[in-house]
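This is coords_39.cif. It holds mmCIF, C-alpha atoms.
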```cif
data_input
loop_
_atom_site.label_atom_id
_atom_site.label_comp_id
_atom_site.auth_asym_id
_atom_site.auth_seq_id
_atom_site.Cartn_x
_atom_site.Cartn_y
_atom_site.Cartn_z
CA MET X 1 18.31 18.01 -19.26
CA PRO X 2 19.16 19.93 -16.06
CA GLU X 3 22.31 19.01 -14.17
CA ILE X 4 20.92 16.68 -11.52
CA ASP X 5 22.84 14.12 -9.49
CA PRO X 6 20.42 11.16 -9.33
CA TYR X 7 22.50 9.41 -6.68
CA GLU X 8 22.08 12.42 -4.40
CA TYR X 9 18.35 12.40 -5.16
CA LEU X 10 18.08 8.77 -4.12
CA ASN X 11 20.46 9.15 -1.16
CA ILE X 12 22.64 6.26 -2.27
CA ARG X 13 26.23 5.48 -3.19
CA ILE X 14 27.13 2.64 -5.54
CA ASP X 15 29.92 0.49 -4.12
CA PRO X 16 32.61 -1.25 -6.21
CA ASP X 17 30.93 -4.66 -5.81
CA GLY X 18 27.66 -3.34 -7.27
CA THR X 19 25.81 -3.12 -3.97
CA VAL X 20 24.45 0.13 -2.56
CA THR X 21 25.27 2.15 0.53
CA ARG X 22 22.03 3.76 1.67
CA LEU X 23 22.72 7.20 3.08
CA LEU X 24 19.20 7.91 4.33
CA ASN X 25 19.21 6.41 7.82
CA LEU X 26 15.91 6.85 9.63
CA PRO X 27 15.51 5.55 13.18
CA PRO X 28 13.75 2.18 13.35
CA ALA X 29 10.35 1.73 14.96
CA ASN X 30 9.90 -1.35 17.11
CA ALA X 31 6.79 -3.48 16.86
CA ASN X 32 4.50 -3.55 19.92
CA PRO X 33 2.59 -6.85 20.25
CA ASP X 34 1.50 -6.20 23.87
CA LEU X 35 -2.31 -6.21 23.83
CA ASN X 36 -2.33 -4.64 27.30
CA SER X 37 -0.20 -1.64 26.33
CA GLY X 38 -3.12 0.66 25.59
CA GLU X 39 -1.95 1.38 22.03
CA ALA X 40 -4.57 2.17 19.39
CA VAL X 41 -2.85 -0.25 17.01
CA PHE X 42 -0.73 -3.26 17.97
CA SER X 43 1.99 -4.68 15.75
CA LYS X 44 4.19 -7.74 15.52
CA ASP X 45 6.85 -9.09 13.16
CA ALA X 46 6.92 -12.50 11.50
CA ILE X 47 9.54 -14.14 9.32
CA LEU X 48 8.56 -14.68 5.71
CA SER X 49 11.76 -16.33 4.47
CA GLU X 50 14.97 -16.76 6.43
CA GLU X 51 16.82 -17.60 3.21
CA LYS X 52 15.74 -14.38 1.51
CA ASN X 53 15.81 -12.29 4.71
CA THR X 54 12.22 -11.17 4.20
CA ALA X 55 9.54 -10.57 6.81
CA VAL X 56 6.13 -9.05 7.42
CA ARG X 57 4.89 -6.65 10.06
CA ILE X 58 1.28 -7.19 11.09
CA TYR X 59 -0.91 -4.32 12.37
CA LEU X 60 -4.04 -4.97 14.44
CA PRO X 61 -6.36 -2.12 15.53
CA SER X 62 -7.23 -2.47 19.20
CA ASN X 63 -10.92 -1.64 18.78
CA ILE X 64 -11.60 -5.03 17.16
CA ILE X 65 -10.56 -6.71 20.42
CA THR X 66 -12.98 -4.49 22.35
CA LYS X 67 -15.80 -5.33 19.92
CA HIS X 68 -15.13 -9.05 20.21
CA ALA X 69 -15.20 -8.82 24.01
CA ALA X 70 -18.50 -6.92 23.90
CA ALA X 71 -20.00 -9.49 21.52
CA ALA X 72 -18.90 -12.33 23.78
CA ALA X 73 -20.42 -10.60 26.81
CA ALA X 74 -23.69 -10.22 24.93
CA GLY X 75 -23.68 -13.88 23.93
CA VAL X 76 -23.23 -13.09 20.22
CA ASN X 77 -21.44 -15.90 18.39
CA GLU X 78 -20.99 -14.16 15.03
CA LYS X 79 -18.11 -11.76 15.52
CA MET X 80 -16.93 -8.93 13.29
CA ARG X 81 -13.89 -9.72 11.17
CA LEU X 82 -11.51 -7.27 9.51
CA PRO X 83 -10.35 -7.15 5.90
CA ILE X 84 -6.67 -8.00 5.42
CA VAL X 85 -4.63 -5.47 3.47
CA PHE X 86 -1.15 -6.26 2.18
CA HIS X 87 0.95 -3.11 1.84
CA PHE X 88 4.02 -2.71 -0.37
CA HIS X 89 5.94 0.46 0.40
CA GLY X 90 7.43 2.94 -2.04
CA CYS X 91 10.78 4.75 -2.21
CA SER X 92 12.49 4.00 -5.52
CA TRP X 93 13.09 0.23 -5.15
CA VAL X 94 16.26 0.87 -3.13
CA GLN X 95 15.22 2.33 0.24
CA PHE X 96 13.47 1.41 3.49
CA ARG X 97 12.61 -1.72 5.41
CA SER X 98 9.43 -2.54 7.30
CA ASN X 99 10.69 -1.04 10.58
CA CYS X 100 11.08 2.45 9.07
CA THR X 101 9.43 5.03 11.33
CA ILE X 102 7.50 6.70 8.47
CA LEU X 103 6.10 3.40 7.24
CA HIS X 104 5.26 2.22 10.75
CA ALA X 105 3.30 5.38 11.58
CA SER X 106 1.41 5.49 8.28
CA ARG X 107 0.44 1.79 8.35
CA SER X 108 -0.70 2.08 11.97
CA LEU X 109 -2.96 4.98 11.04
CA PHE X 110 -4.26 3.16 7.96
CA ALA X 111 -5.09 0.05 10.01
CA PHE X 112 -6.99 2.18 12.53
CA THR X 113 -8.86 4.23 9.89
CA ILE X 114 -10.16 1.43 7.67
CA PRO X 115 -10.19 -0.57 10.13
CA ALA X 116 -8.18 -3.51 8.81
CA ILE X 117 -5.41 -5.91 9.60
CA VAL X 118 -2.45 -4.60 7.63
CA ILE X 119 0.44 -6.81 6.54
CA LEU X 120 3.44 -4.68 5.63
CA VAL X 121 5.72 -6.77 3.41
CA ASP X 122 9.45 -6.30 3.92
CA TYR X 123 10.50 -7.16 0.36
CA ARG X 124 14.07 -7.32 -0.96
CA LEU X 125 15.62 -4.14 -2.32
CA SER X 126 17.49 -3.32 -5.54
CA PRO X 127 20.10 -3.48 -6.93
CA GLU X 128 21.18 -6.41 -4.74
CA ASN X 129 17.88 -8.10 -5.64
CA ARG X 130 16.55 -6.92 -8.97
CA LEU X 131 13.06 -7.43 -10.31
CA PRO X 132 11.24 -9.78 -10.19
CA ALA X 133 12.55 -10.42 -6.64
CA PRO X 134 10.00 -8.06 -4.98
CA TYR X 135 7.18 -9.70 -6.94
CA GLU X 136 8.36 -13.10 -5.69
CA ASP X 137 8.38 -11.75 -2.14
CA ALA X 138 4.81 -10.53 -2.64
CA THR X 139 3.63 -13.97 -3.73
CA ASP X 140 5.57 -15.49 -0.82
CA ALA X 141 3.51 -13.21 1.45
CA LEU X 142 0.26 -14.40 -0.13
CA LEU X 143 1.26 -18.04 0.33
CA TRP X 144 2.32 -17.29 3.92
CA LEU X 145 -1.14 -15.88 4.66
CA GLN X 146 -2.77 -18.89 3.04
CA LYS X 147 -0.69 -21.13 5.30
CA GLN X 148 -1.86 -19.20 8.37
CA ALA X 149 -5.48 -19.58 7.26
CA LEU X 150 -5.19 -23.35 6.77
CA ASP X 151 -3.10 -24.08 9.86
CA PRO X 152 -5.18 -24.59 13.05
CA GLN X 153 -2.17 -23.15 14.90
CA GLY X 154 -1.70 -20.29 12.46
CA GLU X 155 -0.97 -16.67 13.41
CA LYS X 156 -3.52 -15.91 16.14
CA TRP X 157 -4.34 -12.30 15.24
CA LEU X 158 -5.18 -13.37 11.71
CA LYS X 159 -7.14 -16.45 12.79
CA ASP X 160 -9.14 -14.59 15.45
CA TYR X 161 -9.83 -11.29 13.72
CA GLY X 162 -9.06 -11.52 9.99
CA ASP X 163 -11.46 -12.13 7.10
CA PHE X 164 -9.51 -14.28 4.65
CA SER X 165 -12.19 -13.75 1.99
CA ARG X 166 -11.55 -9.99 1.93
CA CYS X 167 -7.88 -9.46 1.04
CA TYR X 168 -6.49 -6.39 -0.70
CA LEU X 169 -3.18 -5.53 -2.33
CA HIS X 170 -2.12 -1.95 -1.60
CA GLY X 171 1.02 -0.16 -2.68
CA SER X 172 2.51 3.31 -3.05
CA GLY X 173 5.01 4.38 -5.73
CA CYS X 174 7.09 1.32 -6.65
CA GLY X 175 4.94 -0.53 -4.12
CA GLY X 176 1.97 0.15 -6.41
CA ASN X 177 3.93 -1.50 -9.19
CA ILE X 178 4.49 -4.51 -6.89
CA ALA X 179 0.80 -4.67 -5.92
CA PHE X 180 -0.22 -4.69 -9.59
CA ASN X 181 2.25 -7.43 -10.50
CA ALA X 182 1.34 -9.44 -7.40
CA ALA X 183 -2.31 -9.23 -8.47
CA LEU X 184 -1.39 -10.56 -11.92
CA ARG X 185 0.60 -13.43 -10.40
CA SER X 186 -2.21 -14.27 -7.99
CA LEU X 187 -4.43 -15.12 -10.98
CA ASP X 188 -2.26 -18.21 -11.58
CA MET X 189 -2.31 -19.31 -7.95
CA ASP X 190 -4.75 -21.40 -5.92
CA LEU X 191 -4.93 -19.28 -2.79
CA SER X 192 -8.09 -20.77 -1.26
CA PRO X 193 -9.47 -19.80 1.23
CA LEU X 194 -7.97 -16.39 0.45
CA LYS X 195 -9.81 -14.11 -1.93
CA ILE X 196 -8.17 -11.01 -3.42
CA ASP X 197 -11.05 -8.54 -3.47
CA GLY X 198 -9.25 -5.53 -4.94
CA ILE X 199 -6.02 -3.63 -5.52
CA ILE X 200 -5.25 -0.10 -4.34
CA LEU X 201 -2.53 1.76 -6.22
CA ASN X 202 -1.32 5.05 -4.76
CA GLN X 203 0.63 6.93 -7.45
CA PRO X 204 2.07 3.69 -8.89
CA LEU X 205 5.53 3.82 -10.46
CA PHE X 206 5.64 2.93 -14.15
CA GLY X 207 8.02 4.01 -16.89
CA GLY X 208 8.98 3.60 -20.52
CA ARG X 209 11.54 4.60 -23.11
CA ARG X 210 9.20 7.23 -24.61
CA ARG X 211 9.17 10.41 -22.54
CA THR X 212 5.70 11.62 -21.59
CA LYS X 213 4.59 15.25 -21.45
CA SER X 214 4.34 15.18 -17.65
CA GLU X 215 7.85 13.72 -17.33
CA MET X 216 9.27 16.51 -19.48
CA LYS X 217 7.18 19.19 -17.78
CA PHE X 218 8.37 18.14 -14.32
CA ILE X 219 11.82 16.93 -15.39
CA ALA X 220 13.51 18.43 -12.31
CA ASP X 221 10.77 17.50 -9.82
CA GLN X 222 12.09 17.59 -6.25
CA VAL X 223 10.71 14.15 -5.43
CA ALA X 224 10.79 12.22 -8.72
CA SER X 225 13.14 13.92 -11.18
CA LEU X 226 13.60 12.24 -14.55
CA PRO X 227 17.32 11.44 -13.99
CA ALA X 228 16.47 9.88 -10.62
CA MET X 229 13.71 7.76 -12.15
CA ASP X 230 16.04 6.63 -14.95
CA LEU X 231 18.59 5.57 -12.34
CA MET X 232 16.09 3.70 -10.19
CA TRP X 233 14.94 1.69 -13.21
CA GLU X 234 18.56 1.02 -14.17
CA LEU X 235 19.12 -0.40 -10.69
CA ALA X 236 15.85 -2.34 -10.47
CA LEU X 237 15.25 -3.91 -13.89
CA PRO X 238 16.86 -7.21 -14.87
CA GLU X 239 20.32 -6.82 -16.37
CA GLY X 240 20.04 -5.88 -20.03
CA ALA X 241 16.36 -4.88 -19.87
CA ASP X 242 15.20 -1.44 -21.00
CA ARG X 243 12.33 0.70 -19.72
CA ASP X 244 9.83 -0.93 -22.10
CA HIS X 245 10.17 -4.18 -20.18
CA PRO X 246 6.68 -5.10 -18.83
CA PHE X 247 7.96 -4.76 -15.26
CA CYS X 248 8.45 -1.07 -15.98
CA ASN X 249 5.96 -0.42 -18.77
CA PRO X 250 2.81 -2.57 -18.44
CA MET X 251 1.31 -0.72 -21.42
CA ALA X 252 3.91 -2.40 -23.66
CA ASP X 253 2.96 -5.66 -25.33
CA GLY X 254 3.59 -8.82 -23.34
CA PRO X 255 1.95 -12.02 -22.07
CA HIS X 256 0.70 -10.14 -18.99
CA LYS X 257 -1.96 -8.42 -21.11
CA SER X 258 -3.86 -11.67 -21.59
CA LYS X 259 -4.51 -11.69 -17.83
CA LEU X 260 -5.81 -8.15 -17.47
CA ARG X 261 -9.44 -9.08 -18.16
CA SER X 262 -9.41 -11.27 -15.05
CA LEU X 263 -7.85 -8.64 -12.79
CA GLN X 264 -9.58 -7.64 -9.57
CA ARG X 265 -11.27 -4.26 -9.21
CA CYS X 266 -8.83 -1.39 -8.82
CA LEU X 267 -8.61 1.95 -7.02
CA LEU X 268 -5.89 4.30 -8.27
CA PHE X 269 -4.72 7.68 -6.94
CA GLY X 270 -2.78 10.19 -9.04
CA PHE X 271 -1.80 13.85 -8.85
CA GLY X 272 -1.52 16.44 -11.59
CA ARG X 273 1.97 17.68 -10.69
CA ASP X 274 3.45 14.19 -10.51
CA PRO X 275 5.85 13.43 -13.39
CA LEU X 276 4.25 9.96 -13.47
CA VAL X 277 0.67 11.16 -13.95
CA ASP X 278 0.53 10.65 -17.74
CA ARG X 279 1.64 7.04 -17.39
CA GLN X 280 -0.87 6.47 -14.59
CA GLN X 281 -3.66 7.79 -16.81
CA GLU X 282 -2.48 5.54 -19.66
CA PHE X 283 -2.48 2.64 -17.23
CA VAL X 284 -6.07 3.37 -16.18
CA GLN X 285 -7.16 3.51 -19.82
CA MET X 286 -5.45 0.17 -20.48
CA LEU X 287 -7.29 -1.45 -17.58
CA ILE X 288 -10.65 -0.03 -18.68
CA LEU X 289 -10.11 -1.24 -22.26
CA HIS X 290 -9.54 -4.74 -20.86
CA GLY X 291 -12.75 -4.66 -18.83
CA VAL X 292 -11.28 -4.03 -15.38
CA LYS X 293 -13.52 -2.18 -12.95
CA VAL X 294 -11.48 0.93 -12.09
CA GLU X 295 -12.07 3.80 -9.71
CA ALA X 296 -9.54 6.49 -10.64
CA CYS X 297 -9.04 9.52 -8.38
CA PHE X 298 -6.85 12.22 -9.95
CA ASP X 299 -6.22 15.53 -8.18
CA ASP X 300 -4.68 18.36 -10.22
CA SER X 301 -3.16 20.11 -7.20
CA GLY X 302 -0.96 17.39 -5.70
CA PHE X 303 2.58 16.19 -6.43
CA HIS X 304 4.33 12.83 -6.20
CA ARG X 305 3.89 11.31 -2.72
CA VAL X 306 2.26 14.47 -1.39
CA ASP X 307 0.58 12.24 1.20
CA ILE X 308 3.92 11.78 2.99
CA VAL X 309 4.20 15.49 3.84
CA ASP X 310 0.52 16.47 3.95
CA PRO X 311 -1.42 14.69 6.74
CA GLN X 312 -4.76 16.02 5.50
CA ARG X 313 -4.13 14.63 2.03
CA ALA X 314 -3.05 11.31 3.52
CA ALA X 315 -6.24 11.17 5.59
CA MET X 316 -8.31 11.87 2.46
CA LEU X 317 -6.66 8.99 0.58
CA ASP X 318 -7.25 6.65 3.52
CA GLU X 319 -10.93 7.61 3.67
CA ILE X 320 -11.36 6.93 -0.06
CA ALA X 321 -9.60 3.59 0.38
CA LYS X 322 -11.96 2.83 3.28
CA GLY X 323 -14.95 3.45 1.02
CA PHE X 324 -13.47 1.20 -1.67
CA ILE X 325 -12.86 -1.62 0.82
CA ASP X 326 -16.24 -1.24 2.51
CA SER X 327 -18.01 -1.42 -0.86
#
```
Structure encoded using structure tokens:
Amino acid sequence: MPEIDPYEYLNIRIDPDGTVTRLLNLPPANANPDLNSGEAVFSKDAILSEEKNTAVRIYLPSNIITKHAAAAAAGVNEKMRLPIVFHFHGCSWVQFRSNCTILHASRSLFAFTIPAIVILVDYRLSPENRLPAPYEDATDALLWLQKQALDPQGEKWLKDYGDFSRCYLHGSGCGGNIAFNAALRSLDMDLSPLKIDGIILNQPLFGGRRRTKSEMKFIADQVASLPAMDLMWELALPEGADRDHPFCNPMADGPHKSKLRSLQRCLLFGFGRDPLVDRQQEFVQMLILHGVKVEACFDDSGFHRVDIVDPQRAAMLDEIAKGFIDS
């Protein structure tokens, strides 16, 4: 294996108490809830759990307000409502919060493109909060949305413009892993009036003890090298668990497989030069064998998280997601 410093790859330093110093400090982006500001997409923050220090950032495209005003002026009572898309961000389980500039810009654009109300979930990070903590935060977010739907005084943007019967779970990288596990957990929950209509997995992060051909071929990948992926799983998995734990390797046997047949329809993106592509293809085959309706979009030319650095590729993924949601 090449000499690679996985800590440098992940931009972290492990401290003596087992916590992490995160060395990648991006400037924060403030939310803008002012509906008179002229922004294409408005945003606001809401507390999910004070105890867990979790939150959500809500994105509302401005054109829905214009359409509602036009409908009211025309005397139309039935107003357009937007799908609600939960987003779980990527970056190796250990980096970024919901006010990160990159996340803020990409979720604003996604909300405008679909159009949709986007709920960016600020889940807890590893290793301070190992799995299943992010999955618990995801289900907390679902229950929070249910509370808003049932409460006459619930979050106004959601009450006025959201369609609670058209909810989606969307995630990139490790966020795709969270979206998948949140979808599994939602099957055991009474979320009425919410309905999870689909899951969107953008290059989801899975692993396993067995090395795949793509992992070995791209062992020193600049974005997702094998030593870096091994370290991120070491930091994220429960103490004592190995990479065949179902949190990491959903293709391994476990009680979760009995739920797969009930899983919502799924859209998955993958790229041929991603070290994770073999596992993503195995994942798709597993879902299909269990009767899940899957739309898999694999592109031979891309690499892991190419959409972060290639705006055209990001726009293409958003347009495909739009078609999936609209269908």
- Message: Can you pull out the residues contacting Lys322 in chain X? Cut-off 8 Å, using only C-alpha atoms, and skip same-chain residues under 2 positions away; I want them as a count of residues only.
- Response: 9
- Message: Could you list, as a list in words, every residue matched by the PyMOL selection byres ((chain X and resi 58) around 8) in this structure?
- Response: Ser43, Lys44, Asp45, Ala46, Val56, Arg57, Tyr59, Leu60, Ile117, Val118, Ile119 and Leu120 of chain X
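Once Glu78 in chain X and its same-chain neighbours fewer than 4 positions away are set aside, His68, Ala71 and Ala72 of chain X remain within 10 Å of it when counting all atoms listed in the file.
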- Any idea what's packed within 10 Å of Leu260 in chain X, counting all atoms listed in the file, ignoring anything in its chain fewer than 6 positions away? Could you give it as a PyMOL selection string? chain X and resi 183-184+187+286-292
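The coordinates place CA of Val306 in chain X at 14.7 Å from CA of Leu268 in chain X.
Residue selection for this entry, given the PyMOL selection byres ((chain X and resi 132) around 10), comprises Arg124, Asn129, Arg130, Leu131, Ala133, Pro134, Tyr135, Glu136, Asp137, Ala138, Ile178, Asn181, Ala236, Leu237, Pro238 and Phe247 of chain X.
When the PyMOL selection byres ((chain X and resi 11) around 9) is run on the displayed coordinates, the residues it returns are Pro6, Tyr7, Glu8, Tyr9, Leu10, Ile12, Arg13, Thr21, Arg22, Leu23, Leu24 and Gln95 of chain X.
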- Message: Which residues are near Lys217 in chain X? Cut-off 9 Å, all atoms listed in the file, ignore same chain within fewer than 5 positions. Put them as a ChimeraX atom specification.
- Response: /X:212,273,275
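Shell of range 96-107 of chain X at 7 Å, with all atoms listed in the file counted and residues fewer than 3 places along the chain excluded, is Leu26, Pro27, Pro28, Ala29, Asn30, Arg57, Phe110, Ala111, Leu120, Val121 and Asp122 of chain X.
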- List every protein, DNA or RNA residue with an atom no more than 12 Å from (-1.5, -14.6, -12.6) in the file's coordinates, counting all atoms listed in the file, and format the result as a PyMOL selection string. chain X and resi 135+139+180-191+196+255-264
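Among the candidate residues X:Glu215, X:Asp310, X:Glu50, X:Glu39, the one lying nearest to Gln280 in chain X is X:Glu215, with distances computed using only C-alpha atoms.
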- Item | Answer as a ChimeraX atom specification, residues within 10 Å of (7.8, -17.3, 5.0) using all atoms listed in the file | /X:46-56,137,140-145,147
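Taking CA of Leu235 in chain X and CA of Ser126 in chain X as the two end points, the separation is 6.1 Å.
Comparing the minimum interatomic distances between Ala149 in chain X and each of X:Asp307, X:Asp163, X:Asp242, X:Asp274, counting only C-alpha atoms, we find that X:Asp163 sits nearest.
The coordinates place CA of Leu276 in chain X at 7.8 Å from CA of Gly207 in chain X.
Take the candidates X:Leu109, X:Ile64, X:Ile199, X:Leu194 and check each one against Lys293 in chain X using all atoms listed in the file; the shortest distance goes to X:Ile199.
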- Message: Could you check the closest approach to Glu3 in chain X for each of X:Ile219, X:Gly162, X:Cys266, X:Asn63 and tell me which residue wins, using only C-alpha atoms?
- Response: X:Ile219
